[in-house]
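This is model03.pdb. It holds PDB, C-alpha atoms.
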```
ATOM      1  CA  MET A 346      82.218 123.773 122.780
ATOM      2  CA  PRO A 347      81.026 120.294 123.815
ATOM      3  CA  ASN A 348      78.718 119.726 120.829
ATOM      4  CA  ALA A 349      81.125 120.956 118.168
ATOM      5  CA  MET A 350      80.261 119.868 114.651
ATOM      6  CA  ARG A 351      82.008 116.618 113.768
ATOM      7  CA  PRO A 352      82.382 115.614 110.139
ATOM      8  CA  ALA A 353      79.759 113.113 109.085
ATOM      9  CA  MET A 354      80.923 109.540 108.605
ATOM     10  CA  HIS A 355      81.063 108.497 104.951
ATOM     11  CA  PRO A 356      77.853 106.599 104.127
ATOM     12  CA  ASP A 357      79.761 103.570 102.795
ATOM     13  CA  LEU A 358      81.546 103.016 106.120
ATOM     14  CA  ALA A 359      80.229 100.582 108.726
ATOM     15  CA  GLU A 360      82.547 102.109 111.330
ATOM     16  CA  VAL A 361      85.591 104.345 111.684
ATOM     17  CA  LEU A 362      88.610 102.608 113.198
ATOM     18  CA  PHE A 363      90.983 105.602 113.235
ATOM     19  CA  SER A 364      90.224 109.282 112.708
ATOM     20  CA  GLY A 365      92.481 111.558 110.707
ATOM     21  CA  GLU A 366      93.774 113.042 113.982
ATOM     22  CA  GLN A 367      94.597 109.612 115.413
ATOM     23  CA  ILE A 368      96.439 108.701 112.225
ATOM     24  CA  GLN A 369      98.506 111.893 112.249
ATOM     25  CA  ARG A 370      99.474 111.399 115.912
ATOM     26  CA  ARG A 371     100.614 107.854 115.184
ATOM     27  CA  VAL A 372     102.519 108.951 112.057
ATOM     28  CA  ARG A 373     104.458 111.489 114.166
ATOM     29  CA  SER A 374     105.202 108.787 116.744
ATOM     30  CA  LEU A 375     106.332 106.331 114.047
ATOM     31  CA  ALA A 376     108.622 109.009 112.604
ATOM     32  CA  GLY A 377     110.275 109.251 116.033
ATOM     33  CA  GLU A 378     110.780 105.467 116.130
ATOM     34  CA  ILE A 379     112.289 105.524 112.645
ATOM     35  CA  LYS A 380     114.552 108.452 113.539
ATOM     36  CA  ALA A 381     115.787 106.528 116.585
ATOM     37  CA  ALA A 382     116.616 103.519 114.383
ATOM     38  CA  TYR A 383     118.472 105.472 111.674
ATOM     39  CA  GLY A 384     119.996 108.246 113.755
ATOM     40  CA  ASP A 385     120.941 111.149 111.482
ATOM     41  CA  GLY A 386     121.929 108.911 108.580
ATOM     42  CA  GLU A 387     120.557 108.907 105.061
ATOM     43  CA  PHE A 388     118.226 106.157 103.931
ATOM     44  CA  THR A 389     116.090 105.291 100.938
ATOM     45  CA  ILE A 390     112.343 104.997 101.305
ATOM     46  CA  VAL A 391     110.664 102.495  99.001
ATOM     47  CA  SER A 392     106.898 102.964  98.980
ATOM     48  CA  LEU A 393     104.398 100.426  97.707
ATOM     49  CA  ILE A 394     101.906 102.370  95.656
ATOM     50  CA  ASN A 395      99.118 103.265  95.289
ATOM     51  CA  GLY A 396      98.034 102.257  98.790
ATOM     52  CA  ALA A 397     100.929 103.668 100.802
ATOM     53  CA  VAL A 398     101.217 107.002  98.986
ATOM     54  CA  MET A 399      99.388 109.110 101.602
ATOM     55  CA  PHE A 400     101.078 107.363 104.528
ATOM     56  CA  THR A 401     104.501 107.700 102.902
ATOM     57  CA  ALA A 402     104.020 111.406 102.147
ATOM     58  CA  ASP A 403     102.878 112.208 105.691
ATOM     59  CA  LEU A 404     105.635 110.098 107.244
ATOM     60  CA  MET A 405     108.327 111.723 105.092
ATOM     61  CA  ARG A 406     107.203 115.180 106.222
ATOM     62  CA  GLU A 407     107.856 114.121 109.828
ATOM     63  CA  ILE A 408     111.398 112.812 109.152
ATOM     64  CA  ASP A 409     114.278 115.281 108.924
ATOM     65  CA  ASN A 410     116.908 112.769 107.773
ATOM     66  CA  PRO A 411     118.227 113.009 104.233
ATOM     67  CA  VAL A 412     116.035 110.532 102.335
ATOM     68  CA  ARG A 413     115.677 109.304  98.791
ATOM     69  CA  LEU A 414     112.324 108.023  97.523
ATOM     70  CA  ASP A 415     111.418 105.312  95.056
ATOM     71  CA  CYS A 416     108.185 103.410  94.471
ATOM     72  CA  ILE A 417     107.164  99.893  93.556
ATOM     73  CA  ARG A 418     103.729  99.052  92.213
ATOM     74  CA  VAL A 419     102.329  95.653  93.180
ATOM     75  CA  SER A 420      98.965  94.159  92.304
ATOM     76  CA  SER A 421      97.486  91.872  94.951
ATOM     77  CA  TYR A 422      93.757  92.610  95.331
ATOM     78  CA  GLY A 423      92.348  93.694  91.968
ATOM     79  CA  HIS A 424      88.656  94.390  92.561
ATOM     80  CA  GLN A 425      88.340  91.890  95.428
ATOM     81  CA  THR A 426      88.229  92.266  99.204
ATOM     82  CA  LYS A 427      90.616  89.313  99.672
ATOM     83  CA  SER A 428      94.088  88.879  98.224
ATOM     84  CA  ILE A 429      93.993  87.340  94.737
ATOM     85  CA  GLY A 430      96.781  84.915  95.614
ATOM     86  CA  THR A 431     100.294  85.598  94.403
ATOM     87  CA  PRO A 432     101.071  89.323  94.201
ATOM     88  CA  GLN A 433     102.606  90.582  90.968
ATOM     89  CA  ILE A 434     105.194  93.369  90.599
ATOM     90  CA  VAL A 435     103.811  95.793  88.044
ATOM     91  CA  HIS A 436     106.578  98.437  88.261
ATOM     92  CA  SER A 437     109.909  98.065  90.041
ATOM     93  CA  LEU A 438     112.638 100.343  91.418
ATOM     94  CA  THR A 439     114.490 102.970  89.453
ATOM     95  CA  LEU A 440     117.079 103.961  92.113
ATOM     96  CA  ASP A 441     120.237 101.987  92.801
ATOM     97  CA  ILE A 442     119.928 100.770  96.414
ATOM     98  CA  ARG A 443     123.131  98.738  96.551
ATOM     99  CA  GLN A 444     124.822  99.322  99.938
ATOM    100  CA  ARG A 445     122.115 101.819 100.935
ATOM    101  CA  HIS A 446     119.888 101.625 103.999
ATOM    102  CA  VAL A 447     116.314 100.974 102.852
ATOM    103  CA  LEU A 448     112.979 101.490 104.580
ATOM    104  CA  LEU A 449     110.155  99.657 102.794
ATOM    105  CA  ILE A 450     106.732 101.225 103.456
ATOM    106  CA  ASP A 451     103.361  99.583 102.837
ATOM    107  CA  ASP A 452      99.830 100.486 103.814
ATOM    108  CA  ILE A 453      98.776  97.120 105.237
ATOM    109  CA  LEU A 454     100.421  93.853 106.250
ATOM    110  CA  ASP A 455      97.757  91.256 105.595
ATOM    111  CA  THR A 456      98.703  87.799 104.292
ATOM    112  CA  GLY A 457     102.344  88.904 104.230
ATOM    113  CA  LYS A 458     102.834  87.767 100.640
ATOM    114  CA  THR A 459     103.352  91.249  99.211
ATOM    115  CA  LEU A 460     105.800  92.378 101.889
ATOM    116  CA  GLN A 461     107.696  89.093 101.572
ATOM    117  CA  LEU A 462     107.873  89.351  97.756
ATOM    118  CA  VAL A 463     109.104  92.946  97.758
ATOM    119  CA  SER A 464     111.519  92.352 100.662
ATOM    120  CA  ARG A 465     113.121  89.525  98.703
ATOM    121  CA  LEU A 466     113.371  91.712  95.595
ATOM    122  CA  ILE A 467     115.106  94.429  97.614
ATOM    123  CA  GLN A 468     117.427  91.949  99.379
ATOM    124  CA  ASP A 469     118.504  90.646  95.961
ATOM    125  CA  LEU A 470     119.726  94.191  95.170
ATOM    126  CA  SER A 471     122.239  94.083  98.082
ATOM    127  CA  PRO A 472     121.143  96.968 100.314
ATOM    128  CA  ALA A 473     123.210  97.785 103.413
ATOM    129  CA  SER A 474     120.080  97.111 105.479
ATOM    130  CA  LEU A 475     116.340  96.665 105.049
ATOM    131  CA  ARG A 476     113.639  97.609 107.537
ATOM    132  CA  THR A 477     109.884  97.542 106.956
ATOM    133  CA  CYS A 478     107.131  99.898 108.067
ATOM    134  CA  VAL A 479     103.396  99.330 107.698
ATOM    135  CA  LEU A 480     100.511 101.546 108.672
ATOM    136  CA  LEU A 481      98.218  98.625 109.505
ATOM    137  CA  ASP A 482      98.937  95.068 110.633
ATOM    138  CA  LYS A 483      96.151  92.518 110.237
ATOM    139  CA  LYS A 484      97.803  89.579 112.039
ATOM    140  CA  GLY A 485      94.726  87.385 111.777
ATOM    141  CA  ARG A 486      95.195  87.039 108.009
ATOM    142  CA  ARG A 487      98.919  86.174 107.949
ATOM    143  CA  GLU A 488      99.836  83.308 105.596
ATOM    144  CA  VAL A 489     103.625  83.688 105.559
ATOM    145  CA  PRO A 490     105.981  84.234 108.523
ATOM    146  CA  ILE A 491     106.826  87.938 108.265
ATOM    147  CA  GLU A 492     106.580  90.867 110.653
ATOM    148  CA  ALA A 493     107.215  94.581 110.109
ATOM    149  CA  ASN A 494     109.862  96.509 112.040
ATOM    150  CA  PHE A 495     107.533  99.489 112.495
ATOM    151  CA  VAL A 496     103.734  99.199 112.789
ATOM    152  CA  GLY A 497     101.202 102.000 113.003
ATOM    153  CA  PHE A 498      98.141 100.095 114.219
ATOM    154  CA  GLU A 499      97.053  96.487 114.628
ATOM    155  CA  ILE A 500      93.568  95.880 113.244
ATOM    156  CA  PRO A 501      91.007  93.071 113.250
ATOM    157  CA  ASP A 502      90.212  90.982 110.167
ATOM    158  CA  LYS A 503      87.877  93.522 108.560
ATOM    159  CA  PHE A 504      88.087  95.105 105.105
ATOM    160  CA  VAL A 505      89.311  98.673 105.590
ATOM    161  CA  ILE A 506      89.396 101.713 103.341
ATOM    162  CA  GLY A 507      90.540 105.314 103.525
ATOM    163  CA  TYR A 508      93.834 107.163 103.948
ATOM    164  CA  GLY A 509      95.203 105.530 100.796
ATOM    165  CA  LEU A 510      93.515 102.150 101.181
ATOM    166  CA  ASP A 511      90.962 101.384  98.501
ATOM    167  CA  PHE A 512      88.293  99.106  97.212
ATOM    168  CA  ALA A 513      88.381  98.912  93.404
ATOM    169  CA  GLU A 514      90.434 102.167  93.385
ATOM    170  CA  ARG A 515      87.776 104.073  95.353
ATOM    171  CA  TYR A 516      87.853 105.622  98.858
ATOM    172  CA  ARG A 517      91.614 106.342  98.970
ATOM    173  CA  ASN A 518      90.864 110.022  99.632
ATOM    174  CA  LEU A 519      88.971 109.482 102.896
ATOM    175  CA  PRO A 520      90.889 111.163 105.759
ATOM    176  CA  CYS A 521      90.067 108.346 108.201
ATOM    177  CA  ILE A 522      90.446 104.572 108.127
ATOM    178  CA  GLY A 523      87.176 102.705 108.340
ATOM    179  CA  VAL A 524      85.461  99.411 107.653
ATOM    180  CA  LEU A 525      83.671  99.196 104.317
ATOM    181  CA  ARG A 526      80.012  98.239 104.656
ATOM    182  CA  PRO A 527      79.467  94.630 103.485
ATOM    183  CA  ASP A 528      76.805  95.702 100.972
ATOM    184  CA  ARG A 529      79.378  98.013  99.300
ATOM    185  CA  GLN A 530      81.992  95.240  98.937
ATOM    186  CA  THR A 531      81.051  94.556  95.341
ATOM    187  CA  THR A 532      81.664  96.436  92.115
ATOM    188  CA  ALA A 533      78.304  95.316  90.710
ATOM    189  CA  GLY A 534      76.291  98.335  89.693
ATOM    190  CA  TRP A 535      79.231 100.755  89.610
ATOM    191  CA  VAL A 536      79.607 102.677  86.396
ATOM    192  CA  SER A 537      83.168 102.485  85.130
ATOM    193  CA  GLY A 538      84.985 105.645  84.205
TER     194      GLY A 538
END
```
Translate this structure into structure tokens?
Amino acid sequence: MPNAMRPAMHPDLAEVLFSGEQIQRRVRSLAGEIKAAYGDGEFTIVSLINGAVMFTADLMREIDNPVRLDCIRVSSYGHQTKSIGTPQIVHSLTLDIRQRHVLLIDDILDTGKTLQLVSRLIQDLSPASLRTCVLLDKKGRREVPIEANFVGFEIPDKFVIGYGLDFAERYRNLPCIGVLRPDRQTTAGWVSG
């Protein structure tokens, strides 16, 4: 069926960078890379929420290793489209990761400040090892020298939403990853609630 119905693009998107199908294929591939790195061993996943929650859940379903899960909440954007400067840890780990292998998962590696901050926090807790995995890598915005061990996609310097990524806590539920239209990159006129 050559003209099969395709879902309409969300009206607040300027373009779609990755469809839901492309994301799921890459998540499966990343799971294979992670499995190759850890073998059959147990490791602890630390997810940066809220942004990485969908990515983490899908990735975990593709990994058959024994894993433990913990989450860290970091604030770095607020209601802006650019990082607000120094990220702040809002909620930290509850699991003991001492002498455990840790995989830190984030949605996007942008300036690098958040991944650097959380990596240092984890290193201070004496894990056996620490690797990092990000869904998106926006190299053009890097401000600190840090790279992820596992990367889903490299993207240009555009403000993206969907598949867990938000603007002012909206759009996380979109199944694709797309570029937010410039005229929607403001909270002016939105009713809170």
List the residues selected by the PyMOL selection byres ((chain A and resi 394) around 10) in the file shown, writing them as a ChimeraX atom specification.
/A:391-393,395-399,401,415-420,436,450-452,509
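The space separating atom CA of A:Leu438 from atom CA of A:Ala473 comes to 16.2 Å.
Restricting the calculation to only C-alpha atoms, the smallest distance between A:Ile442 and any of A:Glu387, A:Asp482, A:Glu360, A:Asp403 is found for A:Glu387.
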Can you list what the PyMOL selection byres ((chain A and resi 456-462) around 7) grabs from this structure, as a ChimeraX atom specification?
/A:432,454-455,463-466,486-489,491
Expand the PyMOL selection byres ((chain A and resi 411) around 10) into the individual residues it matches in the shown file, reporting them as a PyMOL selection string.
chain A and resi 385-389+408-410+412-413
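Nearest residue to A:His446, choosing from A:Cys478, A:Ile390, A:Ala402, A:Ile500 and counting all atoms listed in the file: A:Ile390.
Note that the spacing between atom CA of A:Tyr516 and atom CA of A:Gly485 amounts to 23.4 Å.
Atom pair atom CA of A:Asp469 / atom CA of A:Val447 has a distance of 12.6 Å (rounded to one decimal).
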Go through A:Lys380, A:Phe495, A:Arg373, A:Thr431 and flag the residue nearest A:Glu407, using only C-alpha atoms for the distances.
A:Arg373
To test the calculation: enclose all listed atoms of stretch 363-376 of chain A in a box whose edges run along x, y and z, add 5 Å on each side, then state centre and edge lengths in Å to one decimal, as lines of an AutoDock Vina configuration file.
```
center_x = 99.4
center_y = 109.3
center_z = 113.7
size_x = 28.4
size_y = 17.4
size_z = 16.0
```
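Nearest residue to A:Ala493, choosing from A:Ala513, A:Leu449, A:Cys521, A:Val505 and counting all atoms listed in the file: A:Leu449.
Considering only C-alpha atoms, the residue among A:Leu440, A:Gln530, A:Gly497, A:Asn518 positioned nearest to A:Phe363 is A:Gly497.
Nearest to A:Glu492 of all the residues A:Ile453, A:Ala353, A:Ile467, A:Ala359 is A:Ile453, based on only C-alpha atoms.
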